[in-house]
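Quick notes on the structure that follows.
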Amino acid sequence: GQALGGVVNVVTHSGTNALRGSLYTYLQPGGAQAAFKQPNDYPRVSDPLTETVGRNSYDFGFNLGGPLVKNKAFWYGAFNPSFSNRLRQGPPGLGSRAFGPQDFKTRTFNWVGKLTYDLSANHHVEGTAFGDPSKDPMGSHRGLVRADVDNRSENVYGTRNWAVKYNGLWTASSLFHASFSWNHTEFTETPEKDLFQVRNYAKPTATSAYTMEGGLGFLENNESNNKQLSLMFTKNVTLAGGHQFDLGYAYNVIDYAAIRRYTGPQWPLFAWRGIDPKDVGKMVQGGYFYFYPTRAIGGTTYNNVYRQVRGNFGDPAVGTDARYNSAFLQDAWQLNKYLTVKAGVRWEQQWIAGNVSRYNFGNNWAPRIGLIYDPFGTRKTKLYASWGRFFEKIPQDPAVRAMSTESSYYLQYSFGLPPTAQNMVPVSSFSPYAVEPTIIYGGTKSQYQEEVVAGFEREMQGGWVVGARFLHRDLKRMIEDISGVTVEQANAGAHQQFVIAKGKDTRPEGRWRRASARSRVFLRPARRDTEQAPRALAGGCVRQKEAAALRTNR
């Protein structure tokens, strides 16, 4: 569930009755590298790029695990700091190149800890925590295609994750699984110099009419918390063969908060043409400007003027939320030693909310069915096929970009920065600019695709498996932001009201359809999993082996 593509499952080590560990290191010294080829060495008609002139990196670490209570409780931990440094310089012909190579350093401190405890022969609990607190010390972490190196900054970021899981064999034929996880992510960028960012048309280059200078420009420092509760019950039943029923439920809460602003000092709105009286005195959060050596404004030519392009006033904080519910029921029916049928259905619902609007993507039903046929009943050969529907979990970005609002005035001209009533160009006026919340068209539903898989596998002598697989994916519905205004109308200055809506492919040539079909033939070492289910499983995981492991209890 929750994805149209692959899902990665990461399993950490656990401690054992013996104290065991390892040490390691990885070195990539800059002196061992050949000279870097530069993108600007080749003919470029526009857009020169920052050049890398040197790089080195290294990391080291250890992991260690052992018993807390023999045969009962175990611990495991690991620590892996990583350090890298890149030297970069601006392209030829730009002012930043005169400052020489600039540092781009990164420091990451990866860590993990884990506790496992066998409550009894049939009940198991484990807790895991891991993180990667990181820091980019003060340096030129953004591009150097500019006139100066005033866009240096320091970045502090990383994630912190922890999870608690319980597996219990309640009866000889029933298994219960419960887990709770929490992901915390943060990113903070601090500029060395809090300056306005300026596109300077007085400093053209060989490939551009302007040069960037000044501060960083747009900042979006953010913090996110993602919490998920998952429950799953498995029941094995003997009836006209063997059945493994799985019933599951998951609840996901996502909170995302960001501070969105432009670098540069705050400045108050003042009484002037175009400014609503109720907005006078409100503080503008920095700004982004164009500088013109000469500019015709209202029929008069002025020298050395600035034009504001971006800069919002009011509270720069944006807070968004999302709630995601899902449930599934599935049955793996083994009719005999030759044929297994797996069928199930998922239900998913998600609502997302920005700071001004919210929307519910509800009642998504995803049926799945698959079968596995072993023509000889020896578990060395299988023919399999499946069909399934898969919905995409909407990322949080639409809540930030489309369902939140930002208000500003722009397009006014001034002789200095920041704009004031004293340095305004006399004939200039402010234009209101509101980043309006995007309307989500009523009836819009989640994006989904359907997938067909078919293939075979055969375990050969010597422990090798040969097989072939066919996979076809068809994107049936997609979500897009659209506008009724044509490109020509937009270029002519017509107002565009974007809406988010669903698109469904009804044309033979498939205007919106992004379908893929491929086959694969492979040869690999054998694994004893020829009973493995195709992706048609509604829950996405197999519990039978886990139940057997709990029964035997290691």
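Residues are named by chain letter and number: chains run A, B, ... in the order of the structure tokens, numbers start at 1 in each chain, and ligands are numbered from 1 in the order shown.
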
Query raised in the report: Using only C-alpha atoms, which residues sit within 9 Å of Met403 in chain A once same-chain residues fewer than 2 positions away are excluded, as an MDAnalysis selection string?
Result: chainID A and resid 320 352:358 398:401 405 436:440

Any chance you can output those residues with all heavy atoms as a compact mmCIF listing (two decimals), in the first residue's frame?
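Full text of selection_33.txt as output:
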```txt
# COMPACT_ATOMS: atom_id res chain seq x y z
N THR A 320 1.18 22.46 8.18
CA THR A 320 0.29 21.56 7.44
C THR A 320 0.15 20.25 8.21
O THR A 320 1.00 19.88 9.03
CB THR A 320 0.85 21.26 6.04
OG1 THR A 320 2.04 20.46 6.14
CG2 THR A 320 1.16 22.54 5.29
N ILE A 352 -5.46 15.85 3.65
CA ILE A 352 -4.31 16.73 3.82
C ILE A 352 -4.84 18.14 4.03
O ILE A 352 -5.88 18.52 3.50
CB ILE A 352 -3.34 16.67 2.62
CG1 ILE A 352 -4.06 17.06 1.33
CG2 ILE A 352 -2.73 15.29 2.50
CD1 ILE A 352 -3.12 17.11 0.13
N ALA A 353 -4.11 18.93 4.81
CA ALA A 353 -4.57 20.27 5.16
C ALA A 353 -3.40 21.24 5.12
O ALA A 353 -2.33 20.96 5.67
CB ALA A 353 -5.21 20.28 6.55
N GLY A 354 -3.60 22.39 4.44
CA GLY A 354 -2.65 23.49 4.50
C GLY A 354 -3.08 24.47 5.57
O GLY A 354 -3.89 24.15 6.44
N ASN A 355 -2.58 25.69 5.50
CA ASN A 355 -2.94 26.66 6.53
C ASN A 355 -4.25 27.38 6.21
O ASN A 355 -4.70 28.20 7.01
CB ASN A 355 -1.81 27.65 6.78
CG ASN A 355 -1.49 28.50 5.57
OD1 ASN A 355 -2.12 28.38 4.52
ND2 ASN A 355 -0.49 29.37 5.69
N VAL A 356 -4.86 27.09 5.04
CA VAL A 356 -6.14 27.74 4.72
C VAL A 356 -7.20 26.77 4.20
O VAL A 356 -8.37 27.13 4.16
CB VAL A 356 -5.95 28.87 3.68
CG1 VAL A 356 -5.13 30.00 4.26
CG2 VAL A 356 -5.32 28.35 2.41
N SER A 357 -6.82 25.56 3.78
CA SER A 357 -7.83 24.64 3.24
C SER A 357 -7.39 23.21 3.48
O SER A 357 -6.23 22.93 3.80
CB SER A 357 -8.04 24.88 1.74
OG SER A 357 -6.86 24.59 1.01
N ARG A 358 -8.33 22.29 3.33
CA ARG A 358 -8.07 20.87 3.51
C ARG A 358 -8.91 20.07 2.51
O ARG A 358 -9.90 20.57 1.98
CB ARG A 358 -8.37 20.43 4.93
CG ARG A 358 -9.79 20.68 5.37
CD ARG A 358 -10.03 20.27 6.81
NE ARG A 358 -10.03 18.82 6.95
CZ ARG A 358 -10.18 18.19 8.11
NH1 ARG A 358 -10.28 18.89 9.24
NH2 ARG A 358 -10.21 16.89 8.19
N PRO A 398 1.79 19.22 -1.74
CA PRO A 398 0.63 20.02 -2.15
C PRO A 398 0.03 20.85 -1.02
O PRO A 398 -0.48 21.94 -1.26
CB PRO A 398 -0.36 18.97 -2.65
CG PRO A 398 0.48 17.82 -3.08
CD PRO A 398 1.63 17.80 -2.12
N ALA A 399 0.09 20.33 0.21
CA ALA A 399 -0.45 21.10 1.34
C ALA A 399 0.35 22.37 1.56
O ALA A 399 -0.19 23.41 1.94
CB ALA A 399 -0.46 20.24 2.60
N VAL A 400 1.68 22.29 1.34
CA VAL A 400 2.54 23.46 1.54
C VAL A 400 2.43 24.41 0.36
O VAL A 400 2.30 25.62 0.53
CB VAL A 400 4.00 23.01 1.73
CG1 VAL A 400 4.92 24.21 1.90
CG2 VAL A 400 4.11 22.08 2.93
N ARG A 401 2.50 23.87 -0.86
CA ARG A 401 2.57 24.71 -2.06
C ARG A 401 1.20 25.17 -2.55
O ARG A 401 1.06 26.28 -3.07
CB ARG A 401 3.26 23.94 -3.18
CG ARG A 401 4.60 23.37 -2.80
CD ARG A 401 5.62 24.44 -2.59
NE ARG A 401 6.90 23.89 -2.14
CZ ARG A 401 7.94 24.60 -1.77
NH1 ARG A 401 7.85 25.91 -1.77
NH2 ARG A 401 9.04 24.02 -1.36
N THR A 405 -1.29 29.86 1.71
CA THR A 405 -1.31 31.14 1.00
C THR A 405 -0.14 32.02 1.42
O THR A 405 0.43 31.86 2.49
CB THR A 405 -2.63 31.89 1.26
OG1 THR A 405 -2.69 33.03 0.40
CG2 THR A 405 -2.73 32.32 2.70
N GLU A 436 -2.54 32.48 -4.15
CA GLU A 436 -3.83 32.00 -3.67
C GLU A 436 -3.79 30.49 -3.44
O GLU A 436 -3.10 29.76 -4.14
CB GLU A 436 -4.91 32.32 -4.71
CG GLU A 436 -5.02 33.81 -5.01
CD GLU A 436 -5.91 34.08 -6.21
OE1 GLU A 436 -6.29 33.10 -6.87
OE2 GLU A 436 -6.20 35.26 -6.47
N PRO A 437 -4.53 30.02 -2.46
CA PRO A 437 -4.64 28.57 -2.28
C PRO A 437 -5.23 27.94 -3.55
O PRO A 437 -6.20 28.45 -4.11
CB PRO A 437 -5.57 28.41 -1.09
CG PRO A 437 -5.80 29.75 -0.54
CD PRO A 437 -5.34 30.76 -1.51
N THR A 438 -4.63 26.88 -4.00
CA THR A 438 -5.12 26.20 -5.19
C THR A 438 -6.41 25.44 -4.85
O THR A 438 -6.47 24.74 -3.84
CB THR A 438 -4.07 25.21 -5.72
OG1 THR A 438 -2.88 25.95 -6.01
CG2 THR A 438 -4.54 24.51 -6.97
N ILE A 439 -7.41 25.60 -5.69
CA ILE A 439 -8.67 24.91 -5.48
C ILE A 439 -8.52 23.44 -5.85
O ILE A 439 -7.93 23.11 -6.88
CB ILE A 439 -9.78 25.55 -6.34
CG1 ILE A 439 -10.00 27.01 -5.92
CG2 ILE A 439 -11.08 24.76 -6.23
CD1 ILE A 439 -10.91 27.76 -6.87
N ILE A 440 -8.99 22.55 -5.00
CA ILE A 440 -9.05 21.13 -5.35
C ILE A 440 -10.46 20.85 -5.84
O ILE A 440 -11.44 20.98 -5.11
CB ILE A 440 -8.69 20.23 -4.16
CG1 ILE A 440 -7.27 20.55 -3.68
CG2 ILE A 440 -8.81 18.76 -4.54
CD1 ILE A 440 -6.79 19.69 -2.55
```

Report task. For range 100-102 of chain A, list every protein, DNA or RNA residue within 6 Å, evaluated using only C-alpha atoms, and leave out those in the same chain fewer than 3 positions away; present the list as an MDAnalysis selection string. Result -> chainID A and resid 87:89 97

Report task. Step one, run DSSP on the backbone; step two, keep only residues of range 347-453 of chain A assigned to strand (DSSP E); then write them as a ChimeraX atom specification. Result -> /A:347-353,358-373,381-391,406-410,413-414,431-435,439-440,448-453

Query - Counting only C-alpha atoms, the residue of A:Phe291, A:Asp374, A:Phe36, A:Val156 that sits nearest Gly416 in chain A - result: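 Comparing A:Phe291, A:Asp374, A:Phe36, A:Val156 against Gly416 in chain A, the winner is A:Phe291.
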
**Report entry** 8 Å contact set for Ser230 in chain A, only C-alpha atoms, chain neighbours under 4 positions out, as a count of residues only
**Finding:** 7
